[in-house]
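One file, my_file.cif, is given below (mmCIF, C-alpha atoms and all ligand atoms).
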data_final
loop_
_atom_site.group_PDB
_atom_site.id
_atom_site.type_symbol
_atom_site.label_atom_id
_atom_site.label_comp_id
_atom_site.auth_asym_id
_atom_site.auth_seq_id
_atom_site.Cartn_x
_atom_site.Cartn_y
_atom_site.Cartn_z
ATOM 1 C CA MET R 14 -20.668 -1.630 6.362
ATOM 2 C CA SER R 15 -18.975 -5.039 6.547
ATOM 3 C CA ASP R 16 -15.651 -5.574 8.286
ATOM 4 C CA ILE R 17 -12.425 -5.700 6.337
ATOM 5 C CA THR R 18 -11.310 -9.243 5.527
ATOM 6 C CA VAL R 19 -7.634 -10.187 5.514
ATOM 7 C CA VAL R 20 -6.985 -13.264 3.399
ATOM 8 C CA THR R 21 -4.085 -15.614 4.123
ATOM 9 C CA TYR R 22 -3.180 -19.280 3.591
ATOM 10 C CA ASP R 23 -5.151 -21.961 5.425
ATOM 11 C CA TRP R 24 -1.872 -23.683 6.347
ATOM 12 C CA VAL R 25 1.863 -23.063 5.967
ATOM 13 C CA PRO R 26 4.912 -25.158 6.940
ATOM 14 C CA GLU R 27 6.497 -24.590 10.346
ATOM 15 C CA LEU R 28 9.318 -22.331 9.122
ATOM 16 C CA PRO R 29 7.376 -19.214 8.058
ATOM 17 C CA ARG R 30 4.846 -19.320 10.884
ATOM 18 C CA GLY R 31 4.744 -16.011 12.672
ATOM 19 C CA HIS R 32 6.149 -14.333 9.551
ATOM 20 C CA VAL R 33 3.389 -14.703 6.956
ATOM 21 C CA ARG R 34 2.718 -11.200 5.691
ATOM 22 C CA ASP R 35 -0.952 -11.121 6.690
ATOM 23 C CA ILE R 36 0.626 -10.013 9.975
ATOM 24 C CA ARG R 37 1.335 -6.595 8.470
ATOM 25 C CA LEU R 38 -2.329 -6.028 7.699
ATOM 26 C CA CYS R 39 -3.669 -7.439 10.971
ATOM 27 C CA TRP R 40 -1.072 -5.423 12.923
ATOM 28 C CA ALA R 41 -2.195 -2.214 11.214
ATOM 29 C CA LEU R 42 -5.863 -3.001 11.773
ATOM 30 C CA GLU R 43 -5.225 -3.675 15.458
ATOM 31 C CA GLU R 44 -3.228 -0.458 15.852
ATOM 32 C CA ALA R 45 -6.058 1.505 14.247
ATOM 33 C CA GLY R 46 -8.779 -0.324 16.201
ATOM 34 C CA LEU R 47 -10.602 -1.166 12.964
ATOM 35 C CA PRO R 48 -12.823 -4.276 12.953
ATOM 36 C CA TYR R 49 -11.650 -7.094 10.668
ATOM 37 C CA ARG R 50 -11.703 -10.806 10.215
ATOM 38 C CA VAL R 51 -9.190 -13.269 8.829
ATOM 39 C CA ALA R 52 -10.254 -15.631 6.038
ATOM 40 C CA THR R 53 -8.161 -18.354 4.453
ATOM 41 C CA THR R 54 -7.361 -19.638 0.990
ATOM 42 C CA PRO R 55 -5.821 -23.051 0.257
ATOM 43 C CA PHE R 56 -2.019 -23.146 0.451
ATOM 44 C CA HIS R 57 -1.818 -26.230 -1.760
ATOM 45 C CA ASP R 58 -4.416 -25.377 -4.367
ATOM 46 C CA ARG R 59 -4.018 -21.832 -5.663
ATOM 47 C CA GLY R 60 -6.758 -21.662 -8.240
ATOM 48 C CA ALA R 61 -8.370 -19.035 -10.439
ATOM 49 C CA GLU R 62 -10.230 -17.399 -7.547
ATOM 50 C CA HIS R 63 -6.932 -16.912 -5.667
ATOM 51 C CA LEU R 64 -5.197 -15.536 -8.781
ATOM 52 C CA SER R 65 -8.049 -13.126 -9.411
ATOM 53 C CA HIS R 66 -7.132 -11.429 -6.111
ATOM 54 C CA GLN R 67 -3.363 -12.004 -6.004
ATOM 55 C CA PRO R 68 -1.883 -12.526 -9.477
ATOM 56 C CA PHE R 69 1.306 -14.184 -8.132
ATOM 57 C CA GLY R 70 -0.607 -16.788 -6.129
ATOM 58 C CA GLN R 71 0.704 -15.279 -2.904
ATOM 59 C CA VAL R 72 -0.887 -13.860 0.238
ATOM 60 C CA PRO R 73 -2.024 -11.592 1.726
ATOM 61 C CA TRP R 74 -4.786 -9.609 0.153
ATOM 62 C CA LEU R 75 -7.639 -7.693 1.721
ATOM 63 C CA ILE R 76 -11.291 -7.291 0.881
ATOM 64 C CA ASP R 77 -13.243 -4.196 1.822
ATOM 65 C CA GLY R 78 -16.766 -4.369 0.393
ATOM 66 C CA ASP R 79 -16.287 -4.679 -3.363
ATOM 67 C CA ILE R 80 -12.632 -3.587 -3.212
ATOM 68 C CA SER R 81 -9.826 -6.175 -3.286
ATOM 69 C CA VAL R 82 -6.225 -5.059 -2.652
ATOM 70 C CA PHE R 83 -3.056 -7.167 -2.994
ATOM 71 C CA GLU R 84 0.607 -6.483 -2.078
ATOM 72 C CA SER R 85 1.170 -5.906 1.624
ATOM 73 C CA GLY R 86 2.573 -2.410 0.967
ATOM 74 C CA ALA R 87 -0.483 -1.407 -1.066
ATOM 75 C CA CYS R 88 -2.738 -2.889 1.629
ATOM 76 C CA LEU R 89 -0.935 -0.832 4.311
ATOM 77 C CA LEU R 90 -1.351 2.333 2.246
ATOM 78 C CA TYR R 91 -5.032 1.488 1.778
ATOM 79 C CA LEU R 92 -5.467 1.030 5.525
ATOM 80 C CA GLY R 93 -3.436 4.170 6.169
ATOM 81 C CA GLU R 94 -6.159 6.155 4.406
ATOM 82 C CA LYS R 95 -8.561 4.982 7.094
ATOM 83 C CA SER R 96 -6.700 6.074 10.225
ATOM 84 C CA GLU R 97 -4.366 8.805 11.339
ATOM 85 C CA LYS R 98 -2.877 6.252 13.731
ATOM 86 C CA LEU R 99 -1.411 4.561 10.674
ATOM 87 C CA LEU R 100 -0.647 7.446 8.322
ATOM 88 C CA PRO R 101 -0.487 11.073 9.458
ATOM 89 C CA THR R 102 -2.654 13.610 7.653
ATOM 90 C CA GLY R 103 -0.107 16.470 7.638
ATOM 91 C CA LYS R 104 1.371 16.848 4.164
ATOM 92 C CA GLN R 105 5.050 16.490 5.077
ATOM 93 C CA ALA R 106 4.600 13.789 7.730
ATOM 94 C CA ARG R 107 2.443 11.792 5.310
ATOM 95 C CA ARG R 108 5.014 12.072 2.540
ATOM 96 C CA GLU R 109 7.773 10.929 4.906
ATOM 97 C CA ALA R 110 5.784 7.932 6.099
ATOM 98 C CA ILE R 111 5.076 6.908 2.487
ATOM 99 C CA GLU R 112 8.741 7.412 1.580
ATOM 100 C CA TRP R 113 9.845 5.126 4.393
ATOM 101 C CA LEU R 114 7.202 2.535 3.595
ATOM 102 C CA ILE R 115 8.549 2.322 0.041
ATOM 103 C CA ALA R 116 12.121 2.288 1.392
ATOM 104 C CA GLY R 117 11.176 -0.663 3.590
ATOM 105 C CA LEU R 118 9.926 -2.546 0.541
ATOM 106 C CA ASN R 119 12.313 -1.455 -2.133
ATOM 107 C CA SER R 120 15.585 -0.668 -0.368
ATOM 108 C CA MET R 121 15.437 -3.021 2.605
ATOM 109 C CA GLU R 122 13.167 -5.980 1.883
ATOM 110 C CA MET R 123 14.694 -6.479 -1.568
ATOM 111 C CA VAL R 124 17.904 -7.297 0.335
ATOM 112 C CA THR R 125 16.539 -8.982 3.457
ATOM 113 C CA VAL R 126 14.509 -11.613 1.582
ATOM 114 C CA PRO R 127 17.380 -13.064 -0.498
ATOM 115 C CA TRP R 128 19.639 -12.828 2.590
ATOM 116 C CA THR R 129 17.216 -14.905 4.655
ATOM 117 C CA ILE R 130 16.803 -17.401 1.815
ATOM 118 C CA HIS R 131 20.532 -18.137 2.166
ATOM 119 C CA HIS R 132 19.835 -18.847 5.844
ATOM 120 C CA PHE R 133 16.769 -20.996 5.213
ATOM 121 C CA ALA R 134 18.769 -22.960 2.613
ATOM 122 C CA ASN R 135 21.799 -23.194 4.921
ATOM 123 C CA ASP R 136 23.874 -21.821 2.058
ATOM 124 C CA ARG R 137 26.264 -19.373 3.671
ATOM 125 C CA THR R 138 29.641 -19.941 2.077
ATOM 126 C CA GLY R 139 31.156 -18.717 -1.155
ATOM 127 C CA PRO R 140 31.122 -15.489 -3.122
ATOM 128 C CA ALA R 141 27.332 -15.266 -3.677
ATOM 129 C CA TRP R 142 26.685 -15.389 0.057
ATOM 130 C CA GLU R 143 29.505 -12.955 0.826
ATOM 131 C CA ARG R 144 28.126 -10.466 -1.702
ATOM 132 C CA MET R 145 24.662 -10.831 -0.216
ATOM 133 C CA ASP R 146 25.867 -10.455 3.357
ATOM 134 C CA GLY R 147 27.922 -7.386 2.437
ATOM 135 C CA TRP R 148 24.972 -5.840 0.617
ATOM 136 C CA LEU R 149 22.743 -6.220 3.673
ATOM 137 C CA ALA R 150 25.469 -4.928 6.006
ATOM 138 C CA ALA R 151 25.801 -1.776 3.872
ATOM 139 C CA ARG R 152 22.030 -1.158 3.876
ATOM 140 C CA LEU R 153 21.836 -1.726 7.627
ATOM 141 C CA ALA R 154 24.763 0.615 8.307
ATOM 142 C CA HIS R 155 22.854 3.427 6.581
ATOM 143 C CA LEU R 156 19.647 2.655 8.430
ATOM 144 C CA GLU R 157 21.574 2.499 11.688
ATOM 145 C CA ARG R 158 22.634 6.142 11.304
ATOM 146 C CA VAL R 159 18.982 7.081 10.856
ATOM 147 C CA MET R 160 17.669 4.986 13.717
ATOM 148 C CA ALA R 161 20.328 6.241 16.121
ATOM 149 C CA GLY R 162 18.470 9.558 16.152
ATOM 150 C CA ARG R 163 14.812 8.600 16.163
ATOM 151 C CA GLU R 164 12.185 6.445 17.781
ATOM 152 C CA TRP R 165 10.111 5.776 14.650
ATOM 153 C CA LEU R 166 10.884 6.284 10.986
ATOM 154 C CA ALA R 167 8.604 9.218 10.288
ATOM 155 C CA GLY R 168 7.654 11.037 13.478
ATOM 156 C CA ALA R 169 4.905 9.015 15.146
ATOM 157 C CA PHE R 170 4.549 5.248 14.700
ATOM 158 C CA SER R 171 3.074 4.542 11.251
ATOM 159 C CA ILE R 172 2.603 1.924 8.534
ATOM 160 C CA ALA R 173 6.241 2.609 7.575
ATOM 161 C CA ASP R 174 7.308 1.086 10.901
ATOM 162 C CA ILE R 175 5.026 -1.910 10.459
ATOM 163 C CA LEU R 176 6.637 -2.626 7.103
ATOM 164 C CA MET R 177 10.245 -1.939 8.100
ATOM 165 C CA ALA R 178 10.114 -3.722 11.461
ATOM 166 C CA ASP R 179 8.416 -6.740 9.910
ATOM 167 C CA ALA R 180 11.061 -6.982 7.190
ATOM 168 C CA LEU R 181 13.884 -6.611 9.715
ATOM 169 C CA ARG R 182 12.624 -9.025 12.356
ATOM 170 C CA LEU R 183 13.242 -11.851 9.899
ATOM 171 C CA VAL R 184 16.895 -10.736 9.793
ATOM 172 C CA ASP R 185 16.918 -10.553 13.586
ATOM 173 C CA ARG R 186 15.683 -14.150 13.699
ATOM 174 C CA PHE R 187 19.102 -15.109 12.272
ATOM 175 C CA ASP R 188 20.966 -12.630 14.477
ATOM 176 C CA GLY R 189 21.633 -10.367 11.493
ATOM 177 C CA LEU R 190 21.130 -7.155 13.488
ATOM 178 C CA LYS R 191 23.924 -7.794 15.981
ATOM 179 C CA ASN R 192 26.130 -5.020 14.569
ATOM 180 C CA VAL R 193 23.370 -2.391 14.418
ATOM 181 C CA PRO R 194 22.176 -1.831 18.013
ATOM 182 C CA ALA R 195 19.895 1.146 17.312
ATOM 183 C CA THR R 196 18.139 -0.753 14.536
ATOM 184 C CA ARG R 197 17.872 -3.834 16.698
ATOM 185 C CA ALA R 198 16.369 -1.749 19.521
ATOM 186 C CA TYR R 199 13.937 -0.216 17.009
ATOM 187 C CA VAL R 200 12.744 -3.668 15.914
ATOM 188 C CA ALA R 201 12.399 -4.729 19.572
ATOM 189 C CA ARG R 202 10.401 -1.546 20.285
ATOM 190 C CA ALA R 203 8.052 -2.179 17.373
ATOM 191 C CA THR R 204 7.576 -5.862 18.081
ATOM 192 C CA SER R 205 6.852 -5.298 21.765
ATOM 193 C CA ARG R 206 3.721 -3.347 20.838
ATOM 194 C CA PRO R 207 0.627 -5.252 22.064
ATOM 195 C CA ALA R 208 -0.967 -5.138 18.589
ATOM 196 C CA PHE R 209 1.991 -6.954 17.059
ATOM 197 C CA ILE R 210 2.221 -9.563 19.812
ATOM 198 C CA LYS R 211 -1.494 -10.290 19.519
ATOM 199 C CA VAL R 212 -1.493 -10.855 15.760
ATOM 200 C CA ARG R 213 1.779 -12.823 15.733
ATOM 201 C CA ASP R 214 0.480 -15.157 18.442
ATOM 202 C CA GLU R 215 -2.860 -15.501 16.656
ATOM 203 C CA GLN R 216 -1.122 -16.436 13.404
ATOM 204 C CA ILE R 217 0.970 -19.111 15.107
ATOM 205 C CA ALA R 218 -2.124 -20.467 16.906
ATOM 206 C CA ARG R 219 -4.108 -20.492 13.634
ATOM 207 C CA TYR R 220 -1.513 -22.673 11.925
ATOM 208 C CA LYS R 221 -1.206 -24.954 14.930
ATOM 209 C CA ALA R 222 -4.980 -25.456 14.795
ATOM 210 C CA ALA R 223 -4.708 -26.115 11.046
ATOM 211 C CA ASP R 224 -2.135 -28.856 11.777
ATOM 212 C CA ALA R 225 -4.535 -30.466 14.232
ATOM 213 C CA ALA R 226 -7.365 -30.372 11.660
ATOM 214 C CA ARG R 227 -5.279 -32.078 8.919
HETATM 215 N N1 LIG F 1 5.369 -8.604 -2.318
HETATM 216 C C1 LIG F 1 4.368 -9.444 -1.715
HETATM 217 C C2 LIG F 1 5.046 -10.695 -1.214
HETATM 218 C C3 LIG F 1 4.022 -11.666 -0.701
HETATM 219 C C4 LIG F 1 4.678 -12.951 -0.233
HETATM 220 O O1 LIG F 1 5.890 -13.188 -0.402
HETATM 221 N N2 LIG F 1 3.830 -13.782 0.385
HETATM 222 C C5 LIG F 1 4.303 -15.077 0.850
HETATM 223 C C6 LIG F 1 3.749 -15.333 2.225
HETATM 224 S S1 LIG F 1 4.400 -14.158 3.358
HETATM 225 C C7 LIG F 1 3.745 -16.113 -0.078
HETATM 226 O O2 LIG F 1 2.594 -16.074 -0.475
HETATM 227 N N3 LIG F 1 4.600 -17.078 -0.446
HETATM 228 C C8 LIG F 1 4.249 -18.153 -1.300
HETATM 229 C C9 LIG F 1 4.730 -17.959 -2.701
HETATM 230 O O3 LIG F 1 5.446 -16.995 -2.994
HETATM 231 O O4 LIG F 1 4.370 -18.801 -3.530
HETATM 232 C C10 LIG F 1 3.674 -8.701 -0.573
HETATM 233 O O5 LIG F 1 4.356 -7.940 0.125
HETATM 234 O O6 LIG F 1 2.461 -8.874 -0.367
#
Would you mind giving the structure from this file in C-alpha cells?
Ligand SMILES: N[C@@H](CCC(=O)N[C@@H](CS)C(=O)NCC(=O)O)C(=O)O
Amino acid sequence: MSDITVVTYDWVPELPRGHVRDIRLCWALEEAGLPYRVATTPFHDRGAEHLSHQPFGQVPWLIDGDISVFESGACLLYLGEKSEKLLPTGKQARREAIEWLIAGLNSMEMVTVPWTIHHFANDRTGPAWERMDGWLAARLAHLERVMAGREWLAGAFSIADILMADALRLVDRFDGLKNVPATRAYVARATSRPAFIKVRDEQIARYKAADAAR
C-alpha cells in the first residue's frame, strides 16, 4: 500500500506561508501517525491535470491509491475514517465531531476569510468593514461561550479542532481574538501540539527552499 500524498503549491508568496491549507491534512496525518508525503503542483500554471483533482484550481488535495479527494474538510473526513485519533468511533462523539467540523467551515470560516481579506487589503474603514467586523465578533461571542466550558470541541481532540483552530489562527494573526480569551487559549492549545508545529515549520521551510530554487 502506497503512502498518502498531500498535494500543495510548489511556491506561494510570503503572506500565506504557514497558512496554506495543506497544513490541515499534514497535521491530521501527523496526529494519526499515518505515513504520507507532500507533492507539489505549479502555483503559476494551474492546468488541466490540476483542475482534474481540484476543480477550482486551489490546493490542497490528497491522493490515496486511485482515490483523489479535494476540499480540506472532505480530506479531513476521509482521514478521520482511518484513525480514531482523528474521529471517534462512538456514534454520538462521531456525530459531534462532524458537526463541529462543518461548523468550522460553514459558520466560522465563511466569516473569518472575508474578515482577514480586509486585513490583507488594509481596508478597515467604512460600513462594509464594520459589518464584517461585527459579524465576526458575534460568531466569536457564541463560540466563546462554548469554549469557556471545554478543552476541545467534541470530547477528545479531533479533526474538528484541526479545522476550527486553523481557521481561527488566521484571525489571531491580526489580533482578532483579543476579546475572546477562552477561544484564544483554545487556539494556543491546539497550535502548541507538536504535530502542528512540525507541519507549520515544514511548510515555511518548503517555501523558503522554493524561493532559493527560483
Ligand atoms: N475550500 C477550500 C479552500 C482552498 C483554498 O482556499 N486554498 C488556497 C490555499 S490555502 C488556494 O488554493 N488559493 C488560491 C486560489 O484560490 O486561487 C478548501 O478548504 O480546501
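Here atom CA of Thr21 of chain R is placed at a distance of 5.1 Å from atom CA of Pro73 of chain R.
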12 Å contact set for Arg206 of chain R, only C-alpha atoms, chain neighbours under 5 positions out, as a ChimeraX atom specification:
/R:40-41,43-44,170,174-175,178,199-201,211-213
Which is closest to ligand LIG 1 (chain F) among R:Trp142, R:Trp24, R:Tyr49, R:Phe69, if we use all atoms listed in the file?
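Distance minimum relative to ligand LIG 1 (chain F) lands on R:Phe69.
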Any chance you could tabulate, as a Markdown table, the residues of chain R at most 8 Å from ligand LIG 1 (chain F) with each one's nearest atom pair and distance in Å to one decimal, using all atoms listed in the file, in chain and rising number order?
| residue | atom | partner | partner_atom | distance |
| --- | --- | --- | --- | --- |
| R:Tyr22 | CA | F:LIG1 | O2 | 7.8 |
| R:Pro29 | CA | F:LIG1 | S1 | 7.5 |
| R:His32 | CA | F:LIG1 | S1 | 6.4 |
| R:Val33 | CA | F:LIG1 | S1 | 3.8 |
| R:Arg34 | CA | F:LIG1 | S1 | 4.1 |
| R:Asp35 | CA | F:LIG1 | S1 | 7.0 |
| R:Phe69 | CA | F:LIG1 | O3 | 7.2 |
| R:Gly70 | CA | F:LIG1 | O4 | 6.0 |
| R:Gln71 | CA | F:LIG1 | O2 | 3.2 |
| R:Val72 | CA | F:LIG1 | O2 | 4.2 |
| R:Pro73 | CA | F:LIG1 | O6 | 5.6 |
| R:Trp74 | CA | F:LIG1 | O6 | 7.3 |
| R:Phe83 | CA | F:LIG1 | O6 | 6.3 |
| R:Glu84 | CA | F:LIG1 | O6 | 3.5 |
| R:Ser85 | CA | F:LIG1 | O6 | 3.8 |
| R:Gly86 | CA | F:LIG1 | O5 | 5.9 |
| R:Leu118 | CA | F:LIG1 | O5 | 7.8 |
Across R:Ala195, R:Leu89, R:Ile111, R:Met177, the smallest distance to Arg163 of chain R, with only C-alpha atoms counted, is shown by R:Ala195
Atomic distance atom CA of Ala110 of chain R - atom CA of Ala167 of chain R, expressed in Å with one decimal:
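Rounded to one decimal, the two atoms are 5.2 Å apart.
The spacing separating atom CA of Asn119 of chain R from atom CA of Phe56 of chain R amounts to 26.1 Å.
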As lines of an AutoDock Vina configuration file, please: the centre and edge lengths in Å, to one decimal, of an axis-aligned box enclosing every listed atom of segment 68-84 of chain R with 4 Å added on each side.
center_x = -7.7
center_y = -10.2
center_z = -3.8
size_x = 26.1
size_y = 21.2
size_z = 19.3
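Selection around (20.0, -13.6, -0.8) with radius 10 Å, counting all atoms listed in the file, yields the residues Met123, Val124, Thr125, Val126, Pro127, Trp128, Thr129, Ile130, His131, His132, Asp136, Arg137, Ala141, Trp142, Glu143, Arg144, Met145, Asp146, Trp148 and Leu149 of chain R.
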Using only C-alpha atoms: which of R:Asp188, R:Glu164, R:Asp224, R:Asp179 has the shortest distance to Phe209 of chain R
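Ranking R:Asp188, R:Glu164, R:Asp224, R:Asp179 by distance to Phe209 of chain R, first place goes to R:Asp179.
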Nearest to Ile172 of chain R: which of R:Glu112, R:Asp185, R:Asp23, R:Glu215 is it, counting all atoms listed in the file?
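Going through R:Glu112, R:Asp185, R:Asp23, R:Glu215 one by one, the smallest distance to Ile172 of chain R is for R:Glu112.
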Looking at all atoms listed in the file, which of R:Val19, R:Leu64, R:Ala180, R:Leu42 is the one that sits closest to Ser96 of chain R?
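Using all atoms listed in the file, the shortest distance to Ser96 of chain R belongs to R:Leu42.
Take the PyMOL selection byres (((chain R and resi 161) around 10) and not hetatm) and apply it to this file: it picks Leu156, Glu157, Arg158, Val159, Met160, Gly162, Arg163, Glu164, Val193, Pro194, Ala195, Thr196, Ala198 and Tyr199 of chain R.
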Name the residues within 12 Å of (-10.1, -9.8, 1.4), counting all atoms listed in the file in the file's coordinates, and put them as number ranges by chain.
R: 15-22, 35, 38-39, 49-54, 62-63, 65-67, 72-85, 88
